[in-house]
Amino acid sequence: PPLLPIALVGEAILGQTAIAVQHFNAELAHLAEQMSACMEAAKGVGIAAPQVHSPLALFIMASRPNERYPDAPNMAPVVVVNPQIINVSSELVSGEEGCLSVPGQRFTIQRHQAIEVRYQNLQGEWQQTELTGFIARIFQHEFDHLQGITLLERSL
Ligand SMILES: O=C(CSC(=O)[C@H](Cc1ccccc1)CC(F)(F)F)c1ccccc1
Ligand SMILES: [Zn+2]
C-alpha cells in the first residue's frame with residue numbers, strides 16, 4: 001500500500017490543535033500502522049498524525065542511535081494517543097532537531113531535559129512515565145505538532 005503524503009510546513013493542518021481520540025478501533029490501529037511505515041521510510045524517529053493530514057491527537061515515537069545522538073537508546077516505536085505533559089524539569093537542553101514537514105533543514109531547539117507524561121496506547125489503556133534526554137526531546141517535538149506548533153516557531 002502507498003505511503004501517506006507528508007504535510008509540509010505552511011499547510012493549515014500543521015497549525016491546528018489536534019482532536020482527542022475517542023474510538024480505539026481497527027481504523028485507529030490502521031492509521032498508526034500507516035504512520036509507522038511513513039516514519040520508517042523517511043528514516044525518522046517520530047511522526048504525528050497531523051503530518052499525514054489526520055487531525056487526531058496521536059503520534060509515534062521511536063529512537064535509535066544516529067549521527068547527532070550517537071548514545072540515543074534503541075527504542076521500538078511507541079504509539080502515543082491523547083498525550084499530556086504533567087511535569088517538566090526546569091533544566092533545559094539545546095539540541096539539533098529535524099522535521100519531516102521541514103525537509104532538509106536542522107534547527108537548534110531547547111527542550112526540557114526530563115518530562116512526566118501520561119498517554120493512552122492503542123487499546124485505550126493509560127500509561128504514565130518519566131522520559132529524559134533524546135526520547136523526552138522527541139515526545140516534546142511530537143506533542144508540539146498536536147498543538148499546531150512546528151520547529152519554525154521554536155527555533156533559537
Ligand atoms: O531522524 C531524524 C529526522 S527528523 C525526525 O525524525 C522528526 C522527529 C525528531 C527528530 C529529532 C528530534 C526530535 C524529533 C520527525 C518528525 F518531524 F516527524 F517529528 C533526526 C533528525 C535530527 C536528529 C536525529 C534524528
Ligand atoms: Zn516534526
# chains A, B, ... in the order shown; residues from 1 in each chain; ligands from 1
$ residues_near_ligand --ligand "ligand 1" --cutoff "10 Å" --atoms "only C-alpha atoms and all ligand atoms" --output "ChimeraX atom specification"
/A:6-7,35,38-40,42-52,59-70,72,95-109,111,134-145,150-151
$ residues_around --residues "Gly15 (chain A)" --least-positions-apart "4" --cutoff "9 Å" --atoms "only C-alpha atoms" --output "list in words"
Val9, Gly10, Glu11, Pro50, His145, Leu146, Gln147, Gly148, Ile149 and Thr150 of chain A
$ residues_around --residues "Ser90 (chain A)" --least-positions-apart "5" --cutoff "10 Å" --atoms "only C-alpha atoms" --output "number ranges by chain"
A: 111-115
$ write_last_selection --atoms "N, CA, C and O atoms" --output "CSV table (one decimal), in the first residue's frame"
chain,number,residue,atom,x,y,z
A,111,ARG,N,14.9,22.1,24.8
A,111,ARG,CA,13.8,21.3,25.3
A,111,ARG,C,14.0,21.0,26.8
A,111,ARG,O,15.2,21.1,27.3
A,112,HIS,N,13.0,20.6,27.6
A,112,HIS,CA,13.2,20.2,28.9
A,112,HIS,C,13.9,18.9,28.9
A,112,HIS,O,13.7,18.0,28.1
A,113,GLN,N,14.9,18.7,29.8
A,113,GLN,CA,15.7,17.5,29.9
A,113,GLN,C,14.9,16.3,30.3
A,113,GLN,O,15.1,15.2,29.8
A,114,ALA,N,13.9,16.5,31.2
A,114,ALA,CA,13.0,15.4,31.7
A,114,ALA,C,11.6,15.9,31.8
A,114,ALA,O,11.3,17.1,32.0
A,115,ILE,N,10.7,15.0,31.4
A,115,ILE,CA,9.2,15.3,31.5
A,115,ILE,C,8.5,14.1,32.0
A,115,ILE,O,8.9,13.0,31.8
$ select_by_dssp --residues "chain A" --states "alpha helix (DSSP H)" --output "VMD selection string"
chain A and resid 26 to 41 133 to 146 151 to 154
$ write_last_selection --atoms "C-alpha atoms" --output "PDB file, in the first residue's frame"
ATOM      1  CA  ALA A  26      -9.302  -1.007  13.922  1.00  0.00           C
ATOM      2  CA  GLU A  27      -9.296   2.238  11.936  1.00  0.00           C
ATOM      3  CA  LEU A  28      -7.063   3.872  14.559  1.00  0.00           C
ATOM      4  CA  ALA A  29      -4.724   0.869  14.522  1.00  0.00           C
ATOM      5  CA  HIS A  30      -4.561   1.061  10.718  1.00  0.00           C
ATOM      6  CA  LEU A  31      -3.683   4.779  10.825  1.00  0.00           C
ATOM      7  CA  ALA A  32      -0.916   4.030  13.347  1.00  0.00           C
ATOM      8  CA  GLU A  33       0.451   1.335  11.027  1.00  0.00           C
ATOM      9  CA  GLN A  34       0.483   3.728   8.072  1.00  0.00           C
ATOM     10  CA  MET A  35       2.224   6.399  10.167  1.00  0.00           C
ATOM     11  CA  SER A  36       4.875   3.903  11.267  1.00  0.00           C
ATOM     12  CA  ALA A  37       5.523   2.961   7.640  1.00  0.00           C
ATOM     13  CA  CYS A  38       5.915   6.643   6.739  1.00  0.00           C
ATOM     14  CA  MET A  39       8.281   7.251   9.653  1.00  0.00           C
ATOM     15  CA  GLU A  40      10.410   4.215   8.757  1.00  0.00           C
ATOM     16  CA  ALA A  41      10.518   5.160   5.062  1.00  0.00           C
ATOM     17  CA  GLY A 133      17.113  13.047  27.083  1.00  0.00           C
ATOM     18  CA  PHE A 134      16.550  12.280  23.426  1.00  0.00           C
ATOM     19  CA  ILE A 135      13.272  10.443  23.969  1.00  0.00           C
ATOM     20  CA  ALA A 136      11.921  13.361  26.024  1.00  0.00           C
ATOM     21  CA  ARG A 137      13.006  15.575  23.119  1.00  0.00           C
ATOM     22  CA  ILE A 138      11.098  13.500  20.567  1.00  0.00           C
ATOM     23  CA  PHE A 139       7.972  13.444  22.777  1.00  0.00           C
ATOM     24  CA  GLN A 140       8.066  17.262  23.136  1.00  0.00           C
ATOM     25  CA  HIS A 141       8.588  17.670  19.375  1.00  0.00           C
ATOM     26  CA  GLU A 142       5.623  15.432  18.530  1.00  0.00           C
ATOM     27  CA  PHE A 143       3.479  16.926  21.323  1.00  0.00           C
ATOM     28  CA  ASP A 144       4.108  20.347  19.752  1.00  0.00           C
ATOM     29  CA  HIS A 145       2.726  19.031  16.444  1.00  0.00           C
ATOM     30  CA  LEU A 146      -0.540  18.165  18.244  1.00  0.00           C
ATOM     31  CA  LEU A 151      10.126  23.826  14.780  1.00  0.00           C
ATOM     32  CA  LEU A 152       9.917  27.156  12.943  1.00  0.00           C
ATOM     33  CA  GLU A 153       8.087  28.643  15.945  1.00  0.00           C
ATOM     34  CA  ARG A 154      10.623  27.201  18.382  1.00  0.00           C
TER      35      ARG A 154
END
$ select_by_dssp --residues "chain A" --states "strand (DSSP E)" --output "VMD selection string"
chain A and resid 46 to 48 58 to 63 75 to 88 92 to 97 107 to 112 114 to 120 126 to 132
$ decode --residues "region 68-110 of chain A" --atoms "C-alpha atoms" --output "tab-separated table (two decimals), in the first residue's frame"
chain	number	residue	atom	x	y	z
A	68	ARG	CA	23.54	13.57	16.04
A	69	TYR	CA	22.66	11.44	19.08
A	70	PRO	CA	25.12	8.51	18.98
A	71	ASP	CA	24.17	7.46	22.52
A	72	ALA	CA	20.41	7.56	21.88
A	73	PRO	CA	18.70	4.40	23.13
A	74	ASN	CA	17.29	1.83	20.72
A	75	MET	CA	13.55	2.01	21.33
A	76	ALA	CA	10.84	0.15	19.40
A	77	PRO	CA	8.19	2.53	18.03
A	78	VAL	CA	5.61	3.52	20.66
A	79	VAL	CA	2.09	4.67	19.71
A	80	VAL	CA	1.07	7.65	21.88
A	81	VAL	CA	-2.64	8.63	22.00
A	82	ASN	CA	-4.16	11.68	23.78
A	83	PRO	CA	-0.83	12.65	25.41
A	84	GLN	CA	-0.49	15.01	28.40
A	85	ILE	CA	2.69	16.52	29.79
A	86	ILE	CA	2.18	16.50	33.58
A	87	ASN	CA	5.52	17.89	34.81
A	88	VAL	CA	8.65	19.30	33.23
A	89	SER	CA	12.19	19.70	34.59
A	90	SER	CA	13.49	23.24	34.99
A	91	GLU	CA	16.65	22.01	33.27
A	92	LEU	CA	16.66	22.80	29.57
A	93	VAL	CA	18.99	21.29	26.97
A	94	SER	CA	19.73	22.52	23.46
A	95	GLY	CA	19.95	20.01	20.65
A	96	GLU	CA	19.53	19.51	16.94
A	97	GLU	CA	16.18	18.53	15.55
A	98	GLY	CA	14.81	17.84	12.12
A	99	CYS	CA	11.21	17.57	10.94
A	100	LEU	CA	9.67	15.57	8.12
A	101	SER	CA	7.50	18.61	7.43
A	102	VAL	CA	10.52	20.88	7.02
A	103	PRO	CA	12.65	18.63	4.80
A	104	GLY	CA	16.41	19.06	4.62
A	105	GLN	CA	16.65	21.57	7.49
A	106	ARG	CA	18.07	21.24	11.01
A	107	PHE	CA	17.27	23.52	13.92
A	108	THR	CA	18.83	24.05	17.35
A	109	ILE	CA	15.96	23.71	19.83
A	110	GLN	CA	15.82	23.96	23.61
